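J.: For reference, this is coords.txt, and it has compact mmCIF, C-alpha atoms.
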```txt
# COMPACT_ATOMS: atom_id res chain seq x y z
CA MET A 1476 0.00 0.00 0.00
CA PHE A 1477 2.85 2.39 0.88
CA GLN A 1478 4.54 1.59 -2.46
CA ASP A 1479 1.32 2.44 -4.33
CA LEU A 1480 1.06 5.70 -2.37
CA ARG A 1481 4.67 6.64 -3.29
CA ILE A 1482 4.04 5.96 -6.98
CA SER A 1483 0.85 8.04 -6.79
CA ASN A 1484 2.74 10.96 -5.26
CA ASN A 1485 5.53 10.77 -7.86
CA SER A 1486 3.01 10.68 -10.70
CA LYS A 1487 1.84 14.17 -9.70
CA PHE A 1488 5.16 15.57 -10.91
CA GLN A 1489 5.87 15.72 -14.62
CA VAL A 1490 9.30 16.39 -16.06
CA THR A 1491 9.15 19.30 -18.53
CA GLU A 1492 12.66 19.00 -19.93
CA PHE A 1493 15.51 16.52 -20.19
CA ILE A 1494 19.19 17.18 -19.55
CA LEU A 1495 21.53 15.68 -22.15
CA MET A 1496 24.67 14.95 -20.13
CA GLY A 1497 26.82 13.97 -23.10
CA PHE A 1498 29.05 10.92 -23.32
CA PRO A 1499 28.86 8.89 -20.09
CA GLY A 1500 32.05 8.61 -18.08
CA ILE A 1501 33.97 11.40 -19.87
CA HIS A 1502 31.95 14.52 -18.97
CA SER A 1503 35.05 16.39 -17.79
CA TRP A 1504 36.87 16.28 -21.14
CA GLN A 1505 34.18 15.43 -23.70
CA HIS A 1506 34.31 19.00 -25.07
CA TRP A 1507 37.61 18.07 -26.76
CA LEU A 1508 35.60 15.76 -29.03
CA SER A 1509 33.75 18.75 -30.43
CA LEU A 1510 36.54 19.59 -32.91
CA PRO A 1511 36.66 16.23 -34.74
CA LEU A 1512 32.87 15.98 -34.64
CA ALA A 1513 32.48 19.51 -36.03
CA LEU A 1514 34.97 18.75 -38.81
CA LEU A 1515 33.11 15.55 -39.68
CA TYR A 1516 29.83 17.48 -39.79
CA LEU A 1517 31.28 20.20 -42.05
CA LEU A 1518 32.77 17.50 -44.27
CA ALA A 1519 29.41 15.74 -44.49
CA LEU A 1520 27.59 18.93 -45.50
CA SER A 1521 30.20 20.19 -47.98
CA ALA A 1522 30.87 16.81 -49.62
CA ASN A 1523 27.20 15.95 -50.08
CA ILE A 1524 26.34 19.43 -51.37
CA LEU A 1525 29.20 19.09 -53.87
CA ILE A 1526 27.90 15.69 -54.98
CA MET A 1527 24.41 17.13 -55.54
CA ILE A 1528 25.77 20.12 -57.50
CA THR A 1529 27.89 17.82 -59.66
CA ILE A 1530 25.01 15.49 -60.47
CA LYS A 1531 22.76 18.44 -61.31
CA GLN A 1532 25.27 20.21 -63.57
CA GLU A 1533 26.72 17.22 -65.44
CA ALA A 1534 24.32 15.92 -68.08
CA SER A 1535 26.15 12.57 -68.21
CA LEU A 1536 25.14 11.97 -64.58
CA HIS A 1537 21.42 12.42 -65.20
CA GLN A 1538 20.86 8.70 -64.75
CA PRO A 1539 18.85 6.76 -62.15
CA MET A 1540 21.97 5.48 -60.38
CA TYR A 1541 23.19 9.02 -59.74
CA GLN A 1542 19.70 10.30 -58.94
CA PHE A 1543 19.52 7.73 -56.14
CA LEU A 1544 22.98 8.87 -55.04
CA ALA A 1545 21.75 12.48 -54.87
CA MET A 1546 18.83 11.33 -52.71
CA LEU A 1547 21.26 9.50 -50.46
CA ALA A 1548 23.21 12.76 -50.13
CA VAL A 1549 20.05 14.57 -48.97
CA VAL A 1550 19.31 11.81 -46.44
CA ASP A 1551 22.91 11.85 -45.18
CA MET A 1552 22.82 15.61 -44.59
CA GLY A 1553 19.48 15.29 -42.80
CA LEU A 1554 20.77 12.45 -40.61
CA ALA A 1555 23.84 14.39 -39.51
CA THR A 1556 21.88 17.61 -38.97
CA THR A 1557 19.36 15.95 -36.64
CA ILE A 1558 22.03 15.51 -33.97
CA MET A 1559 25.17 17.57 -34.63
CA PRO A 1560 23.91 21.13 -33.92
CA LYS A 1561 22.61 20.05 -30.51
CA ILE A 1562 25.75 18.05 -29.70
CA LEU A 1563 27.99 21.01 -30.54
CA ALA A 1564 25.74 23.29 -28.47
CA ILE A 1565 26.19 20.94 -25.51
CA PHE A 1566 29.98 20.91 -25.85
CA TRP A 1567 30.48 24.59 -26.67
CA PHE A 1568 27.72 26.39 -24.77
CA ASN A 1569 26.73 23.81 -22.14
CA ALA A 1570 23.19 23.89 -23.61
CA LYS A 1571 22.21 20.54 -22.17
CA ALA A 1572 18.50 21.18 -21.59
CA ILE A 1573 15.98 20.04 -24.18
CA ARG A 1574 12.21 20.26 -23.81
CA LEU A 1575 10.16 17.10 -24.15
CA PRO A 1576 8.50 18.00 -27.51
CA GLU A 1577 11.90 18.90 -28.99
CA CYS A 1578 13.38 15.66 -27.67
CA PHE A 1579 10.59 13.54 -29.18
CA ALA A 1580 10.90 15.47 -32.46
CA GLN A 1581 14.62 14.70 -32.59
CA MET A 1582 13.90 11.06 -31.77
CA TYR A 1583 11.48 10.89 -34.71
CA ALA A 1584 13.88 12.62 -37.10
CA ILE A 1585 16.73 10.26 -36.19
CA HIS A 1586 14.64 7.14 -36.75
CA CYS A 1587 13.14 8.53 -39.94
CA PHE A 1588 16.47 9.44 -41.54
CA VAL A 1589 18.14 6.19 -40.45
CA ALA A 1590 15.28 4.28 -42.05
CA MET A 1591 15.59 6.47 -45.17
CA GLU A 1592 19.08 5.03 -45.64
CA GLY A 1593 16.96 2.25 -47.12
CA ILE A 1594 17.57 4.12 -50.38
CA PHE A 1595 20.33 1.49 -50.59
CA VAL A 1596 17.52 -0.92 -51.56
CA CYS A 1597 16.65 1.19 -54.60
CA MET A 1598 20.31 1.34 -55.56
CA ALA A 1599 20.63 -2.45 -55.24
CA ILE A 1600 17.59 -3.00 -57.46
CA ASP A 1601 19.04 -0.54 -59.97
CA ARG A 1602 22.32 -2.50 -60.12
CA TYR A 1603 20.46 -5.83 -60.34
CA VAL A 1604 18.45 -4.73 -63.38
CA ALA A 1605 21.50 -3.09 -64.99
CA ILE A 1606 23.63 -6.24 -64.70
CA CYS A 1607 21.10 -9.07 -64.84
CA GLN A 1608 18.52 -7.51 -67.21
CA PRO A 1609 20.58 -4.98 -69.22
CA LEU A 1610 18.27 -4.96 -72.27
CA ARG A 1611 15.24 -4.18 -70.09
CA TYR A 1612 17.03 -1.56 -67.97
CA PRO A 1613 15.84 1.51 -69.97
CA SER A 1614 12.22 0.34 -69.79
CA ILE A 1615 12.26 -0.64 -66.09
CA ILE A 1616 14.49 1.91 -64.34
CA THR A 1617 12.83 5.05 -65.67
CA GLU A 1618 12.33 8.50 -64.18
CA PRO A 1619 8.78 7.59 -63.01
CA PHE A 1620 10.26 4.50 -61.31
CA VAL A 1621 12.81 6.67 -59.47
CA ILE A 1622 10.08 9.07 -58.33
CA LYS A 1623 7.73 6.28 -57.21
CA ALA A 1624 10.50 4.44 -55.37
CA THR A 1625 11.55 7.61 -53.56
CA VAL A 1626 8.00 8.56 -52.59
CA PHE A 1627 7.34 5.01 -51.36
CA MET A 1628 10.49 4.96 -49.21
CA ALA A 1629 9.73 8.38 -47.75
CA PHE A 1630 6.08 7.53 -47.02
CA ARG A 1631 6.93 4.14 -45.49
CA ASN A 1632 9.66 5.43 -43.23
CA CYS A 1633 7.88 8.61 -42.11
CA LEU A 1634 4.72 6.66 -41.30
CA VAL A 1635 6.19 3.58 -39.60
CA THR A 1636 8.76 5.35 -37.42
CA ILE A 1637 6.23 7.78 -35.93
CA SER A 1638 5.29 5.02 -33.46
CA VAL A 1639 8.65 5.47 -31.68
CA PRO A 1640 8.18 9.04 -30.39
CA ALA A 1641 4.41 8.52 -30.04
CA LEU A 1642 4.91 5.65 -27.59
CA ALA A 1643 7.78 7.44 -25.82
CA ALA A 1644 5.56 10.51 -25.30
CA GLN A 1645 2.93 8.33 -23.57
CA ARG A 1646 5.34 7.34 -20.80
CA ASN A 1647 5.17 9.14 -17.44
CA TYR A 1648 8.40 11.04 -16.65
CA CYS A 1649 8.00 11.95 -13.00
CA SER A 1650 11.44 11.98 -11.39
CA ARG A 1651 14.73 11.56 -13.27
CA ASN A 1652 15.49 13.75 -16.26
CA GLN A 1653 19.22 13.30 -16.92
CA ILE A 1654 20.00 11.36 -20.11
CA GLU A 1655 23.49 9.86 -20.27
CA HIS A 1656 23.77 10.61 -23.97
CA CYS A 1657 24.23 13.44 -26.48
CA LEU A 1658 20.92 12.78 -28.21
CA CYS A 1659 17.37 11.65 -27.51
CA SER A 1660 17.61 7.95 -28.20
CA ASN A 1661 14.45 5.91 -27.67
CA LEU A 1662 15.84 3.56 -25.04
CA GLY A 1663 17.81 6.32 -23.32
CA VAL A 1664 14.72 8.51 -22.90
CA THR A 1665 12.20 5.80 -21.97
CA SER A 1666 14.59 4.37 -19.37
CA LEU A 1667 13.77 7.51 -17.33
CA SER A 1668 10.03 6.81 -17.26
CA CYS A 1669 8.29 5.90 -14.04
CA ASP A 1670 6.03 3.30 -15.64
CA ASP A 1671 6.52 0.15 -17.69
CA ARG A 1672 8.41 0.73 -20.96
CA LYS A 1673 8.24 -2.84 -22.27
CA ILE A 1674 6.05 -1.81 -25.19
CA ASN A 1675 8.71 0.70 -26.30
CA SER A 1676 11.41 -1.95 -26.35
CA VAL A 1677 9.18 -4.41 -28.21
CA ASN A 1678 8.23 -1.75 -30.75
CA GLN A 1679 11.93 -0.92 -31.31
CA VAL A 1680 12.72 -4.57 -32.04
CA ILE A 1681 9.73 -4.98 -34.36
CA LEU A 1682 10.66 -1.85 -36.32
CA ALA A 1683 14.26 -3.01 -36.62
CA TRP A 1684 13.17 -6.31 -38.15
CA LEU A 1685 10.39 -4.77 -40.21
CA ILE A 1686 12.47 -2.00 -41.81
CA MET A 1687 16.13 -2.97 -41.56
CA GLY A 1688 15.45 -6.70 -41.87
CA ILE A 1689 13.37 -6.40 -45.04
CA ASP A 1690 15.72 -3.85 -46.61
CA LEU A 1691 18.81 -5.93 -45.88
CA GLY A 1692 17.05 -9.05 -47.17
CA VAL A 1693 16.24 -7.37 -50.51
CA ILE A 1694 19.83 -6.08 -50.78
CA VAL A 1695 21.33 -9.52 -50.08
CA LEU A 1696 18.97 -11.15 -52.58
CA SER A 1697 19.78 -8.57 -55.26
CA TYR A 1698 23.52 -8.99 -54.91
CA SER A 1699 23.26 -12.77 -54.71
CA LEU A 1700 21.51 -12.72 -58.09
CA ILE A 1701 24.08 -10.25 -59.42
CA LEU A 1702 26.95 -12.50 -58.29
CA GLN A 1703 25.24 -15.53 -59.81
CA SER A 1704 24.83 -13.69 -63.11
CA VAL A 1705 28.42 -12.38 -63.13
CA LEU A 1706 29.88 -15.84 -62.48
CA LYS A 1707 28.18 -17.06 -65.66
CA LEU A 1708 30.02 -14.51 -67.80
CA ASN A 1709 32.76 -15.98 -69.98
CA SER A 1710 34.82 -12.80 -70.06
CA LEU A 1711 36.84 -12.04 -66.92
CA GLU A 1712 37.06 -8.39 -67.98
CA ALA A 1713 33.26 -8.12 -68.32
CA ALA A 1714 32.77 -9.75 -64.91
CA SER A 1715 35.28 -7.38 -63.31
CA LYS A 1716 33.64 -4.34 -64.91
CA ALA A 1717 30.17 -5.44 -63.73
CA LEU A 1718 31.33 -5.98 -60.16
CA ASN A 1719 33.27 -2.71 -60.15
CA THR A 1720 30.02 -0.76 -60.60
CA CYS A 1721 28.80 -2.27 -57.31
CA THR A 1722 31.95 -1.91 -55.22
CA ALA A 1723 31.24 1.52 -53.73
CA HIS A 1724 27.65 0.55 -52.99
CA LEU A 1725 28.75 -2.65 -51.19
CA ILE A 1726 31.33 -0.76 -49.09
CA LEU A 1727 28.69 1.71 -47.88
CA ILE A 1728 26.12 -1.00 -47.19
CA PHE A 1729 28.64 -3.10 -45.25
CA PHE A 1730 29.68 -0.17 -43.07
CA PHE A 1731 26.14 1.07 -42.44
CA TYR A 1732 24.61 -2.26 -41.42
CA SER A 1733 27.67 -3.63 -39.62
CA VAL A 1734 27.73 -0.60 -37.30
CA ILE A 1735 24.01 -1.06 -36.57
CA ILE A 1736 24.70 -4.69 -35.61
CA VAL A 1737 27.63 -3.66 -33.40
CA ILE A 1738 25.48 -0.99 -31.70
CA SER A 1739 22.78 -3.59 -31.01
CA ILE A 1740 25.32 -5.99 -29.51
CA THR A 1741 27.11 -3.39 -27.37
CA HIS A 1742 23.81 -2.01 -26.08
CA SER A 1743 23.40 -5.18 -24.04
CA ALA A 1744 26.66 -4.23 -22.28
CA GLY A 1745 25.56 -0.60 -21.90
CA MET A 1746 25.33 -0.77 -18.11
CA ARG A 1747 28.97 -1.91 -17.87
CA VAL A 1748 30.51 0.21 -20.65
CA PRO A 1749 27.88 2.88 -21.45
CA LEU A 1750 30.35 5.03 -23.41
CA ILE A 1751 30.77 2.52 -26.25
CA PRO A 1752 27.14 2.32 -27.49
CA ALA A 1753 26.67 6.09 -26.99
CA LEU A 1754 29.81 6.93 -28.97
CA LEU A 1755 28.98 4.42 -31.72
CA ASN A 1756 25.47 5.81 -31.95
CA VAL A 1757 26.77 9.33 -32.59
CA LEU A 1758 29.51 8.23 -35.00
CA HIS A 1759 27.02 6.12 -36.94
CA ASN A 1760 24.99 9.26 -37.63
CA VAL A 1761 27.92 11.39 -38.78
CA ILE A 1762 30.67 9.17 -40.27
CA PRO A 1763 28.64 7.60 -43.14
CA PRO A 1764 27.33 11.03 -44.27
CA ALA A 1765 30.92 12.34 -44.25
CA PHE A 1766 32.54 9.45 -46.11
CA ASN A 1767 29.80 8.17 -48.44
CA PRO A 1768 30.50 10.87 -51.07
CA MET A 1769 34.26 10.19 -50.97
CA VAL A 1770 33.81 6.45 -51.42
CA TYR A 1771 31.60 7.00 -54.45
CA ALA A 1772 33.91 9.65 -55.89
CA LEU A 1773 36.94 7.38 -55.55
CA LYS A 1774 35.26 4.29 -56.99
CA ASN A 1775 33.18 5.90 -59.77
CA LYS A 1776 35.08 7.34 -62.72
CA GLU A 1777 32.15 9.31 -64.22
CA LEU A 1778 31.35 10.96 -60.90
CA ARG A 1779 35.03 11.70 -60.27
CA GLN A 1780 35.37 13.36 -63.66
CA GLY A 1781 32.21 15.37 -63.00
CA LEU A 1782 33.64 16.56 -59.68
CA PHE A 1783 36.85 17.63 -61.40
CA LYS A 1784 34.85 19.67 -63.91
CA VAL A 1785 32.80 21.36 -61.20
CA LEU A 1786 35.96 22.14 -59.22
CA ARG A 1787 37.68 23.19 -62.47
CA LEU A 1788 40.57 20.80 -61.94
CA ASP A 1789 42.67 19.21 -64.67
CA THR A 1790 41.00 15.92 -65.65
CA LYS A 1791 43.91 14.55 -67.70
CA GLY A 1792 44.78 11.05 -66.63
CA SER A 1793 41.68 10.68 -64.47
```
Could you render the structure from this file as structure tokens?

T.:
Amino acid sequence: MFQDLRISNNSKFQVTEFILMGFPGIHSWQHWLSLPLALLYLLALSANILIMITIKQEASLHQPMYQFLAMLAVVDMGLATTIMPKILAIFWFNAKAIRLPECFAQMYAIHCFVAMEGIFVCMAIDRYVAICQPLRYPSIITEPFVIKATVFMAFRNCLVTISVPALAAQRNYCSRNQIEHCLCSNLGVTSLSCDDRKINSVNQVILAWLIMGIDLGVIVLSYSLILQSVLKLNSLEAASKALNTCTAHLILIFFFYSVIIVISITHSAGMRVPLIPALLNVLHNVIPPAFNPMVYALKNKELRQGLFKVLRLDTKGS
């Protein structure tokens, strides 16, 4: 009875803002991380903007593969921007407070943009048709297809991920308000609630399998069929050329999904080493946006030549 009375008294108080404490265990010197993080953020913005300008200005890049790459650039900039301004404000101005609506909005934006990285699926399908059905490529991968695929991905991810902040907002936050993180992660926020948060954890797992699981399954299937088709080619040069068009894509996919798996694994050890999952979570939102454009520029000759033209560099020998 006394326990019920204590819960009843606590429920009268409602937290109005959270305090983002930053990286757990290194609060005294975490501000030194602001410089590399700021440089990564500037690199992500400048590199992706340059990629978009190049694709827009170069007529030879007005192809579905590069249109999907431009969309990935937009998503990457959005993903980094959802967290970096607030993180830098915490480190530079000690602006740790964040109101509940702003926190839930950031939570939604993070999940939405992470899910939008599913544009990799569209890129995998594009490569599958180009390599396995080359004669049908112009009739299948058309501009209407690109538009429909993009609208579908945006609608799916914006609609499905809204359950995360909606369920988090229904929790009762009546006592603790300090989040041992730089951002409003779902599990980090709901762990502060005074009531049962099991539904939030279950919803997180279901979404992970529903979105990431399906997307990764389609990507694996597409590249399995591509590999099967390439192995049937008699010419080693043709096989190498076909696989080379997929190299950059595979590098980005491997990094993106492998980090998600590592974050999931280390989260189970979060109580013992809380810094690792928190740091990986932040880096996962800023490193891919910073390095995706460079990987594509290094591995794609047409894009590299387009960048040289935009930057007015000598393209001889490139």

J.: Neighbours of stretch 1690-1692 of chain A within 12 Å (only C-alpha atoms; same-chain residues fewer than 2 positions away dropped), as an MDAnalysis selection string?

T.: chainID A and resid 1590:1600 1628 1631:1632 1682:1688 1694:1699 1725 1728:1729 1731:1733 1735:1736

J.: With all atoms listed in the file counted and 9 Å as the cut-off, give the residues of stretch 1530-1597 of chain A in contact with stretch 1635-1646 of chain A, each with its shortest interatomic distance in Å and the pair that gives it, as CSV.

T.:
```
residue,atom,partner,partner_atom,distance
A:Leu1575,CA,A:Ala1644,CA,8.1
A:Pro1576,CA,A:Ala1644,CA,8.3
A:Cys1578,CA,A:Pro1640,CA,8.8
A:Phe1579,CA,A:Pro1640,CA,5.2
A:Ala1580,CA,A:Pro1640,CA,7.3
A:Gln1581,CA,A:Pro1640,CA,8.9
A:Met1582,CA,A:Pro1640,CA,6.2
A:Tyr1583,CA,A:Pro1640,CA,5.7
A:Ala1584,CA,A:Thr1636,CA,8.9
A:His1586,CA,A:Thr1636,CA,6.2
A:Cys1587,CA,A:Thr1636,CA,6.0
A:Ala1590,CA,A:Thr1636,CA,8.1
```

J.: Find the spatial neighbours of A:Leu1544, counting only C-alpha atoms, within a cut-off of 10 Å - ignore same-chain residues fewer than 5 positions away - and output them as a list in words.

T.: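 Answer for this query is Asn1523, Ile1526, Met1527, Ile1530, Gln1538, Pro1539, Val1549, Val1550, Ile1594, Phe1595, Cys1597, Met1598, His1724, Asn1767, Pro1768 and Tyr1771 of chain A.
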
J.: I need the residues from that last selection saved to file as a JSON list (two decimals), in the coordinates of the input (with C-alpha atoms), if you can.

T.:
```
[["chain", "number", "residue", "atom", "x", "y", "z"],
["A", 1523, "ASN", "CA", 27.20, 15.95, -50.08],
["A", 1526, "ILE", "CA", 27.90, 15.69, -54.98],
["A", 1527, "MET", "CA", 24.41, 17.13, -55.54],
["A", 1530, "ILE", "CA", 25.01, 15.49, -60.47],
["A", 1538, "GLN", "CA", 20.86, 8.70, -64.75],
["A", 1539, "PRO", "CA", 18.85, 6.76, -62.15],
["A", 1549, "VAL", "CA", 20.05, 14.57, -48.97],
["A", 1550, "VAL", "CA", 19.31, 11.81, -46.44],
["A", 1594, "ILE", "CA", 17.57, 4.12, -50.38],
["A", 1595, "PHE", "CA", 20.33, 1.49, -50.59],
["A", 1597, "CYS", "CA", 16.65, 1.19, -54.60],
["A", 1598, "MET", "CA", 20.31, 1.34, -55.56],
["A", 1724, "HIS", "CA", 27.65, 0.55, -52.99],
["A", 1767, "ASN", "CA", 29.80, 8.17, -48.44],
["A", 1768, "PRO", "CA", 30.50, 10.87, -51.07],
["A", 1771, "TYR", "CA", 31.60, 7.00, -54.45]]
```

J.: Which is closest to A:Leu1708 among A:Ile1689, A:Gln1653, A:Ile1606, A:Ser1676, if we use all atoms listed in the file?

T.: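 Nearest candidate to A:Leu1708 out of A:Ile1689, A:Gln1653, A:Ile1606, A:Ser1676: A:Ile1606.
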
J.: Quote the spacing between atom CA of A:Pro1511 and atom CA of A:Ile1562 in Å to one decimal place.

T.: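 Atom CA of A:Ile1562 lies at a distance of 12.2 Å from atom CA of A:Pro1511.
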